[in-house]
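J.: So that we are looking at the same thing, I have put the structure below in structure tokens.
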Amino acid sequence: MKQLNQAILLSGVLAFSTLFTTANAEQSTIKITSEVHELIEITDDQGKPQLKIVAPDEIIPGDRILFTTSFKNNGKEASDNVVITNPIPKYVRYLADSAKGEHCIITFSTDGRVWGDADTLKVRLKDGKFRAATAADYTHIRWKYNRALKPAEKKSISFETKLL
Amino acid sequence: MKHLNTPIKLSVSLAALLLSQASFAGGTDAGTVVENTATISYSVGGSPQADIVSAVADFKVDQKVDLTVTGNSGTNIIVSPSTARATTGNKLTYVLSNDGNSPQDFKINVTHLTTDNFDAGTGTTAAPQAPEACQFTIDSGTPNAMTATPTVSLAKDATSTIEVMCSMPNRPDVDDGHLSTIDVLATAVDSAGAIMAESTIADREDDVDVVLADGTGTPTDNADRNAMHSDTQTYEIDVPMLAVVKTSAVISDPFNGTAQPKRIPGAVIKYTITVENASDSVATGLTVTDVLTAAVAGEVAFIAGSIVNASGTAQTFTAATNTVEATGITVPAGTTTVPGVAVVTFQVTIL
């Protein structure tokens, strides 16, 4: 109990119950992995165009790039309020409607501060007026996973871009 | 979540907006590393945990080799035969554009096509225009002979203007409508002058590979993705093919009047000068001059004010030299079977 009391002192205002879970947080770490792939157009057996995911070996301006972020709960307890924020990398442009994530609410931002969905987000023009933001305006994408991430559960989100 | 609770103020950083819309024709520079990181925030049992940032996922932008050569004119360049190389109208202009994503050297080849009617800048006839071999300049630099293959270095998205100048020979085969086509081929080369080649090594995520992305040009560049591009421009010889015919008819004589008049002293003779144009181009600014040798010899007398120059702008008779002159004549285009025609008439009296 002595040790626990010290922890309370360190944590200051935190309530006891909160402290208890915080103490366990080191074991309930989420592992997050970001990957990059190129999407190339191929023709399938039926002669229809399909996108194939390949390693990003030869990427030149105009190519389509898929960014994937996966997150896994390595802890012993479920995690909630999982939010993944991904600034759109420099030199690429987000492709409209390409952000995907199961059980996720996806919002966008044009400055990293104000968030909204594709229908409500606006940008201010030089003359002070507003216009609807387009995919090219987005600087950040945010996924809110609206379920609890159970222990050992792994999910992934993705978005596509075009190299400028 | 904090951001979502913030009242939505739509104050957008203009810098961020401009950045997001930045775009360049050649694209992102070769060798640029594009990095992506994601940040995750979460709670366990309702208590927020420290954010976790993913490792960087990145790739290196490869080198796109792309170029276009574009002739400036979509139609043939109309030239006159027997003209000097320096003639303003005898210039063909091509634009070479570096559409790749890195600085690039290009070798320039300028050639005559063999599928046309003649080669501009060649010929043996000395007069009135001695043949001057074709030359070309790059960005108005020192003229190069057709056999030269200079190299031009272009930054990403930069262009270079190639101008070809040829004299037009004065030869029997350089006729109206005949064509001479000049091809300009640009080839992307490396610093050693070797043609850029596509990387054949697989899987080099963090190295700059070469990808050829050029399109197909004219027959000198018969394939896409070969580090070459070309275009042609064509000289078209434009010669108004003119013929002049002079005829005479008796209008009246003092005894018969206009009924069956005969060419006797006192009779009025009408001369008709017909200019025929058998080419498909209009001839303008023609002057018809006729020295009345019969008047000089005292056989006929010009009837004042009798010149009719319907296709021209002015007409005069100079009594001192007995010369009829009709100027500003326009002869419409025609064909060899139905030539365009302009007519000048005047009358004299037989003395």
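Going by the structure tokens order, chains are called A, B, ..., each with residues numbered from 1, while ligands are numbered from 1 in the order shown.
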Please find the residues of chain A near chain B - the criterion being any atom within 6 Å, counting only C-alpha atoms - and write them as a ChimeraX atom specification.
T.: /A:32-36,56-61,79-86,89,137,164
J.: Determine, counting only C-alpha atoms, which protein, DNA and RNA residues have an atom within 10 Å of an atom of B:Gln135; residues of the same chain fewer than 4 positions away are not included. Present the result as a PyMOL selection string.
T.: chain B and resi 85+91+110+121+142-148+163-167
J.: Could you check which of A:Ala136, A:Gly128, A:Leu95, A:Ile141 is closest to A:Val114, using only C-alpha atoms?
T.: A:Ile141
J.: If we count only C-alpha atoms and set the cut-off at 10 Å, which residues sit around B:Ile77, ignoring sequence neighbours fewer than 2 positions away in its own chain? Please answer as a list in words.
T.: Ser73, Gly74, Thr75, Val79, Gly89, Asn90, Lys91, Leu92, Leu179, Ser180, Thr181, Gln233, Thr234, Tyr235, Glu236, Ile237 and Asp238 of chain B
